[in-house]
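Asker: Next comes the structure file start_22.cif, holding mmCIF, N, CA and C atoms.
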```
data_coords
loop_
_atom_site.label_atom_id
_atom_site.label_comp_id
_atom_site.auth_asym_id
_atom_site.auth_seq_id
_atom_site.Cartn_x
_atom_site.Cartn_y
_atom_site.Cartn_z
N MET A 1 -15.34 -50.26 34.31
CA MET A 1 -13.99 -49.92 33.91
C MET A 1 -13.50 -48.76 34.77
N VAL A 2 -12.22 -48.77 35.03
CA VAL A 2 -11.60 -47.75 35.87
C VAL A 2 -10.37 -47.23 35.13
N ASN A 3 -10.21 -45.92 35.11
CA ASN A 3 -9.00 -45.33 34.52
C ASN A 3 -7.98 -45.19 35.64
N TYR A 4 -6.92 -46.00 35.56
CA TYR A 4 -5.88 -46.00 36.58
C TYR A 4 -4.58 -45.55 35.94
N ARG A 5 -4.12 -44.34 36.33
CA ARG A 5 -2.88 -43.77 35.78
C ARG A 5 -2.89 -43.71 34.26
N GLY A 6 -4.02 -43.36 33.69
CA GLY A 6 -4.12 -43.18 32.24
C GLY A 6 -4.44 -44.43 31.46
N THR A 7 -4.62 -45.57 32.13
CA THR A 7 -4.94 -46.81 31.45
C THR A 7 -6.29 -47.32 31.93
N TRP A 8 -7.19 -47.57 30.98
CA TRP A 8 -8.50 -48.11 31.34
C TRP A 8 -8.33 -49.56 31.74
N ARG A 9 -8.87 -49.91 32.90
CA ARG A 9 -8.73 -51.26 33.43
C ARG A 9 -10.10 -51.86 33.73
N VAL A 10 -10.23 -53.15 33.45
CA VAL A 10 -11.45 -53.89 33.72
C VAL A 10 -11.47 -54.26 35.19
N GLN A 11 -12.55 -53.85 35.89
CA GLN A 11 -12.68 -54.11 37.32
C GLN A 11 -11.44 -53.66 38.10
N GLY A 12 -10.75 -52.64 37.59
CA GLY A 12 -9.57 -52.12 38.25
C GLY A 12 -8.39 -53.07 38.19
N SER A 13 -8.49 -54.12 37.39
CA SER A 13 -7.49 -55.18 37.37
C SER A 13 -6.58 -55.12 36.16
N LEU A 14 -7.09 -55.49 35.00
CA LEU A 14 -6.26 -55.61 33.81
C LEU A 14 -6.60 -54.56 32.78
N ALA A 15 -5.58 -54.16 32.02
CA ALA A 15 -5.82 -53.29 30.87
C ALA A 15 -6.77 -54.03 29.93
N VAL A 16 -7.62 -53.31 29.25
CA VAL A 16 -8.68 -53.91 28.44
C VAL A 16 -8.12 -54.94 27.45
N SER A 17 -7.08 -54.61 26.72
CA SER A 17 -6.57 -55.54 25.72
C SER A 17 -6.03 -56.81 26.34
N ARG A 18 -5.61 -56.77 27.58
CA ARG A 18 -5.08 -57.95 28.25
C ARG A 18 -6.17 -58.75 28.95
N GLY A 19 -7.37 -58.22 29.03
CA GLY A 19 -8.45 -58.90 29.73
C GLY A 19 -9.21 -59.88 28.86
N ILE A 20 -8.89 -59.97 27.56
CA ILE A 20 -9.65 -60.81 26.64
C ILE A 20 -9.61 -62.28 27.03
N GLY A 21 -8.48 -62.80 27.46
CA GLY A 21 -8.36 -64.22 27.75
C GLY A 21 -8.71 -64.63 29.16
N ASP A 22 -9.11 -63.70 30.00
CA ASP A 22 -9.37 -64.02 31.39
C ASP A 22 -10.85 -64.31 31.62
N ALA A 23 -11.14 -65.56 31.96
CA ALA A 23 -12.53 -66.01 32.11
C ALA A 23 -13.31 -65.17 33.12
N HIS A 24 -12.68 -64.77 34.21
CA HIS A 24 -13.42 -64.02 35.23
C HIS A 24 -13.77 -62.59 34.80
N LEU A 25 -13.26 -62.16 33.65
CA LEU A 25 -13.57 -60.82 33.14
C LEU A 25 -14.49 -60.86 31.91
N LYS A 26 -14.96 -62.04 31.52
CA LYS A 26 -15.75 -62.20 30.29
C LYS A 26 -17.03 -61.36 30.25
N GLN A 27 -17.62 -61.09 31.40
CA GLN A 27 -18.86 -60.31 31.35
C GLN A 27 -18.59 -58.85 30.98
N TRP A 28 -17.34 -58.39 31.09
CA TRP A 28 -17.01 -57.00 30.75
C TRP A 28 -16.20 -56.85 29.48
N VAL A 29 -15.52 -57.90 29.07
CA VAL A 29 -14.63 -57.81 27.91
C VAL A 29 -15.10 -58.75 26.81
N VAL A 30 -15.38 -58.20 25.64
CA VAL A 30 -15.82 -58.99 24.51
C VAL A 30 -14.61 -59.23 23.61
N SER A 31 -14.41 -60.48 23.22
CA SER A 31 -13.23 -60.79 22.41
C SER A 31 -13.53 -60.88 20.91
N ASP A 32 -14.72 -60.47 20.51
CA ASP A 32 -15.05 -60.47 19.08
C ASP A 32 -14.50 -59.19 18.45
N PRO A 33 -13.53 -59.32 17.55
CA PRO A 33 -12.90 -58.13 16.98
C PRO A 33 -13.78 -57.44 15.94
N ASP A 34 -13.57 -56.14 15.76
CA ASP A 34 -14.15 -55.42 14.64
C ASP A 34 -13.20 -55.64 13.47
N THR A 35 -13.72 -56.10 12.36
CA THR A 35 -12.85 -56.37 11.22
C THR A 35 -13.41 -55.74 9.95
N THR A 36 -12.54 -55.53 9.01
CA THR A 36 -12.90 -55.05 7.69
C THR A 36 -12.10 -55.85 6.69
N THR A 37 -12.73 -56.32 5.64
CA THR A 37 -12.02 -57.04 4.59
C THR A 37 -11.84 -56.11 3.40
N LEU A 38 -10.61 -55.96 2.98
CA LEU A 38 -10.28 -55.12 1.83
C LEU A 38 -9.47 -55.94 0.84
N GLY A 39 -9.75 -55.78 -0.42
CA GLY A 39 -8.96 -56.45 -1.44
C GLY A 39 -7.62 -55.75 -1.60
N VAL A 40 -6.59 -56.52 -1.86
CA VAL A 40 -5.25 -55.95 -2.08
C VAL A 40 -5.02 -55.93 -3.59
N ASP A 41 -4.76 -54.73 -4.12
CA ASP A 41 -4.47 -54.61 -5.54
C ASP A 41 -3.14 -53.88 -5.73
N SER A 42 -2.80 -53.56 -6.94
CA SER A 42 -1.50 -52.95 -7.23
C SER A 42 -1.35 -51.55 -6.63
N GLN A 43 -2.44 -50.93 -6.23
CA GLN A 43 -2.38 -49.61 -5.59
C GLN A 43 -1.97 -49.70 -4.12
N CYS A 44 -2.09 -50.88 -3.53
CA CYS A 44 -1.76 -51.08 -2.12
C CYS A 44 -0.25 -51.32 -1.99
N GLU A 45 0.42 -50.43 -1.29
CA GLU A 45 1.87 -50.52 -1.17
C GLU A 45 2.32 -51.30 0.06
N PHE A 46 1.77 -50.92 1.22
CA PHE A 46 2.19 -51.56 2.46
C PHE A 46 1.10 -51.42 3.50
N LEU A 47 1.23 -52.23 4.55
CA LEU A 47 0.30 -52.23 5.67
C LEU A 47 1.09 -51.91 6.93
N ILE A 48 0.60 -50.96 7.72
CA ILE A 48 1.21 -50.66 9.02
C ILE A 48 0.32 -51.32 10.07
N LEU A 49 0.86 -52.32 10.72
CA LEU A 49 0.15 -53.02 11.78
C LEU A 49 0.81 -52.59 13.09
N ALA A 50 0.04 -51.91 13.96
CA ALA A 50 0.64 -51.33 15.16
C ALA A 50 -0.32 -51.35 16.34
N SER A 51 0.25 -51.29 17.51
CA SER A 51 -0.54 -51.25 18.74
C SER A 51 -1.00 -49.82 19.02
N ASP A 52 -1.88 -49.68 20.00
CA ASP A 52 -2.45 -48.37 20.30
C ASP A 52 -1.42 -47.38 20.83
N GLY A 53 -0.26 -47.83 21.25
CA GLY A 53 0.80 -46.90 21.66
C GLY A 53 1.19 -45.96 20.53
N LEU A 54 1.06 -46.44 19.28
CA LEU A 54 1.29 -45.58 18.11
C LEU A 54 0.02 -44.81 17.78
N TRP A 55 -1.09 -45.53 17.61
CA TRP A 55 -2.32 -44.91 17.10
C TRP A 55 -2.93 -43.87 18.04
N ASP A 56 -2.60 -43.91 19.32
CA ASP A 56 -3.08 -42.88 20.24
C ASP A 56 -2.41 -41.53 19.99
N LYS A 57 -1.25 -41.54 19.33
CA LYS A 57 -0.49 -40.30 19.13
C LYS A 57 -0.25 -39.92 17.68
N VAL A 58 -0.45 -40.86 16.75
CA VAL A 58 -0.17 -40.61 15.34
C VAL A 58 -1.40 -40.99 14.51
N GLU A 59 -1.87 -40.07 13.69
CA GLU A 59 -3.03 -40.33 12.82
C GLU A 59 -2.62 -41.26 11.67
N ASN A 60 -3.61 -41.93 11.09
CA ASN A 60 -3.36 -42.90 10.03
C ASN A 60 -2.54 -42.31 8.88
N GLN A 61 -3.01 -41.21 8.31
CA GLN A 61 -2.33 -40.64 7.14
C GLN A 61 -0.93 -40.15 7.50
N GLU A 62 -0.78 -39.63 8.69
CA GLU A 62 0.54 -39.18 9.13
C GLU A 62 1.52 -40.35 9.23
N ALA A 63 1.05 -41.49 9.72
CA ALA A 63 1.90 -42.69 9.79
C ALA A 63 2.34 -43.11 8.39
N VAL A 64 1.41 -43.07 7.45
CA VAL A 64 1.75 -43.40 6.06
C VAL A 64 2.77 -42.41 5.52
N ASP A 65 2.57 -41.12 5.79
CA ASP A 65 3.49 -40.10 5.29
C ASP A 65 4.90 -40.26 5.86
N ILE A 66 4.99 -40.72 7.09
CA ILE A 66 6.31 -40.95 7.71
C ILE A 66 6.96 -42.20 7.13
N ALA A 67 6.18 -43.26 6.98
CA ALA A 67 6.74 -44.55 6.56
C ALA A 67 6.99 -44.66 5.06
N ARG A 68 6.14 -44.07 4.25
CA ARG A 68 6.19 -44.29 2.80
C ARG A 68 7.54 -43.99 2.16
N PRO A 69 8.18 -42.88 2.45
CA PRO A 69 9.47 -42.63 1.79
C PRO A 69 10.51 -43.73 2.06
N LEU A 70 10.40 -44.36 3.22
CA LEU A 70 11.35 -45.41 3.57
C LEU A 70 10.93 -46.78 3.02
N CYS A 71 9.65 -46.95 2.75
CA CYS A 71 9.15 -48.24 2.28
C CYS A 71 9.22 -48.40 0.77
N ILE A 72 9.50 -47.35 0.07
CA ILE A 72 9.55 -47.41 -1.40
C ILE A 72 10.63 -48.38 -1.87
N SER A 73 11.76 -48.43 -1.17
CA SER A 73 12.87 -49.29 -1.59
C SER A 73 12.58 -50.78 -1.39
N ASN A 74 11.55 -51.10 -0.60
CA ASN A 74 11.10 -52.47 -0.41
C ASN A 74 12.17 -53.40 0.18
N ASP A 75 13.01 -52.89 1.06
CA ASP A 75 13.97 -53.77 1.74
C ASP A 75 13.73 -53.73 3.24
N LYS A 76 14.14 -54.80 3.91
CA LYS A 76 13.86 -54.98 5.33
C LYS A 76 14.45 -53.85 6.18
N ALA A 77 15.68 -53.44 5.89
CA ALA A 77 16.34 -52.40 6.69
C ALA A 77 15.56 -51.09 6.63
N SER A 78 15.04 -50.75 5.47
CA SER A 78 14.27 -49.50 5.33
C SER A 78 12.96 -49.57 6.09
N ARG A 79 12.31 -50.74 6.06
CA ARG A 79 11.07 -50.90 6.82
C ARG A 79 11.34 -50.81 8.32
N MET A 80 12.46 -51.37 8.76
CA MET A 80 12.83 -51.27 10.18
C MET A 80 13.07 -49.81 10.57
N THR A 81 13.71 -49.07 9.69
CA THR A 81 13.94 -47.64 9.95
C THR A 81 12.60 -46.90 10.03
N ALA A 82 11.67 -47.24 9.16
CA ALA A 82 10.34 -46.62 9.19
C ALA A 82 9.64 -46.93 10.52
N CYS A 83 9.74 -48.18 10.97
CA CYS A 83 9.14 -48.56 12.26
C CYS A 83 9.75 -47.75 13.40
N ARG A 84 11.08 -47.63 13.38
CA ARG A 84 11.75 -46.84 14.44
C ARG A 84 11.30 -45.39 14.42
N ARG A 85 11.16 -44.82 13.23
CA ARG A 85 10.71 -43.43 13.13
C ARG A 85 9.30 -43.25 13.69
N LEU A 86 8.44 -44.19 13.40
CA LEU A 86 7.08 -44.13 13.93
C LEU A 86 7.09 -44.24 15.45
N VAL A 87 7.89 -45.14 15.98
CA VAL A 87 8.01 -45.27 17.45
C VAL A 87 8.52 -43.97 18.04
N GLU A 88 9.57 -43.42 17.47
CA GLU A 88 10.15 -42.16 17.97
C GLU A 88 9.11 -41.04 17.95
N THR A 89 8.31 -40.99 16.90
CA THR A 89 7.28 -39.95 16.79
C THR A 89 6.27 -40.08 17.92
N ALA A 90 5.80 -41.30 18.16
CA ALA A 90 4.82 -41.52 19.23
C ALA A 90 5.41 -41.21 20.60
N VAL A 91 6.63 -41.63 20.84
CA VAL A 91 7.28 -41.38 22.14
C VAL A 91 7.50 -39.89 22.34
N THR A 92 7.94 -39.20 21.30
CA THR A 92 8.15 -37.75 21.39
C THR A 92 6.86 -37.02 21.75
N ARG A 93 5.73 -37.56 21.29
CA ARG A 93 4.43 -36.95 21.58
C ARG A 93 3.83 -37.40 22.90
N GLY A 94 4.58 -38.20 23.64
CA GLY A 94 4.15 -38.54 24.99
C GLY A 94 3.53 -39.91 25.17
N SER A 95 3.62 -40.79 24.19
CA SER A 95 3.06 -42.13 24.38
C SER A 95 3.83 -42.86 25.47
N THR A 96 3.09 -43.39 26.42
CA THR A 96 3.71 -44.19 27.48
C THR A 96 3.21 -45.63 27.42
N ASP A 97 2.42 -45.93 26.40
CA ASP A 97 1.88 -47.27 26.21
C ASP A 97 2.89 -48.11 25.42
N ASP A 98 2.66 -49.42 25.39
CA ASP A 98 3.51 -50.28 24.56
C ASP A 98 3.35 -49.86 23.10
N ILE A 99 4.46 -49.84 22.36
CA ILE A 99 4.41 -49.50 20.94
C ILE A 99 5.05 -50.64 20.16
N SER A 100 4.22 -51.35 19.42
CA SER A 100 4.70 -52.42 18.55
C SER A 100 4.26 -52.10 17.14
N ILE A 101 5.19 -52.22 16.18
CA ILE A 101 4.89 -51.87 14.79
C ILE A 101 5.52 -52.90 13.86
N VAL A 102 4.75 -53.32 12.86
CA VAL A 102 5.25 -54.15 11.77
C VAL A 102 4.75 -53.51 10.48
N ILE A 103 5.64 -53.38 9.51
CA ILE A 103 5.24 -52.88 8.19
C ILE A 103 5.39 -54.03 7.20
N ILE A 104 4.30 -54.32 6.50
CA ILE A 104 4.26 -55.44 5.56
C ILE A 104 4.12 -54.90 4.15
N GLN A 105 5.06 -55.23 3.27
CA GLN A 105 4.97 -54.86 1.86
C GLN A 105 3.87 -55.69 1.22
N LEU A 106 2.98 -55.06 0.43
CA LEU A 106 1.83 -55.76 -0.11
C LEU A 106 1.91 -56.09 -1.60
N GLN A 107 2.91 -55.61 -2.30
CA GLN A 107 2.98 -55.84 -3.75
C GLN A 107 2.93 -57.33 -4.10
N GLN A 108 3.56 -58.17 -3.30
CA GLN A 108 3.58 -59.60 -3.60
C GLN A 108 2.21 -60.26 -3.44
N PHE A 109 1.29 -59.58 -2.77
CA PHE A 109 -0.04 -60.15 -2.53
C PHE A 109 -1.11 -59.59 -3.47
N SER A 110 -0.75 -58.61 -4.30
CA SER A 110 -1.76 -57.97 -5.14
C SER A 110 -2.18 -58.89 -6.28
N ARG A 111 -3.40 -58.65 -6.73
CA ARG A 111 -3.97 -59.48 -7.81
C ARG A 111 -3.64 -58.90 -9.16
#
```
If you took the structure in this file and wrote it as structure tokens, what would it be?
Answerer:
Amino acid sequence: MVNYRGTWRVQGSLAVSRGIGDAHLKQWVVSDPDTTTLGVDSQCEFLILASDGLWDKVENQEAVDIARPLCISNDKASRMTACRRLVETAVTRGSTDDISIVIIQLQQFSR
């Protein structure tokens, strides 16, 4: 792996996350994800699914603290505003990576 302009690249070619599907990089990139299974119950409010452009600059609890006040109303516009705020926070802190964020309300999935 080579760090080129702040991005780790496989064989100096592709960013690690983009190297998963390339057969010629298989000896260096493993596509088996690390996963955790958690039950969703009434205590689970929402899930923040985001790329490393966010997580490199914003800690887990901080992301929740930013998003939660906007996610309480449980409407799409508020979740979009929360996503924008998280993006703005990461960019303000210097993230130059792609930032993709989806917030999923979990109440409908609880047991």
Asker: Check the smallest atom-to-atom distance from each of A:Thr35, A:Gln61, A:Gln108, A:Ser100 to A:Met80 using only C-alpha atoms, then report the winner.
Answerer: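 Going through A:Thr35, A:Gln61, A:Gln108, A:Ser100 one by one, the smallest distance to A:Met80 is for A:Ser100.
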Asker: Just to confirm, what's the straight-line distance from atom C of A:Arg85 to atom C of A:Thr37 in Å (one decimal)?
Answerer: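 Computed distance, atom C of A:Arg85 to atom C of A:Thr37, equals 26.8 Å.
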Asker: Determine the nearest neighbour of A:Gln27 from the options A:Cys71, A:Ile104, A:Val10, A:Val91, counting only C-alpha atoms.
Answerer: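 Smallest separation from A:Gln27 among the options: A:Val10.
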Asker: Atom N of A:Thr89 to atom C of A:Ala77: how many Å, to one decimal?
Answerer: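 Result for atom N of A:Thr89 versus atom C of A:Ala77: 16.1 Å, one decimal.
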Asker: Can you list, as a list in words, the residues that the PyMOL selection byres ((chain A and resi 90) around 8) selects here?
Answerer: Gly53, Leu54, Trp55, Asp56, Lys57, Val58, Arg84, Arg85, Leu86, Val87, Glu88, Thr89, Val91, Thr92, Arg93, Gly94, Ser95 and Thr96 of chain A
Asker: For the atom pair atom C of A:Lys76 and atom CA of A:Phe109, what is the interatomic distance in Å to one decimal place?
Answerer: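 Between atom C of A:Lys76 and atom CA of A:Phe109 the gap is 18.0 Å.
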Asker: Applying 6 Å and all atoms listed in the file, which residues near A:Leu70 remain after dropping the ones on its own chain fewer than 4 positions away? List them as a list in words.
Answerer: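 In the requested format, the answer is Ile66, Asn74, Ser78, Arg79 and Ala82 of chain A.
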Asker: Selected by the PyMOL selection byres ((chain A and resi 48) around 6) in the shown coordinates: which residues, as a PyMOL selection string?
Answerer: chain A and resi 46-47+49-50+102-104
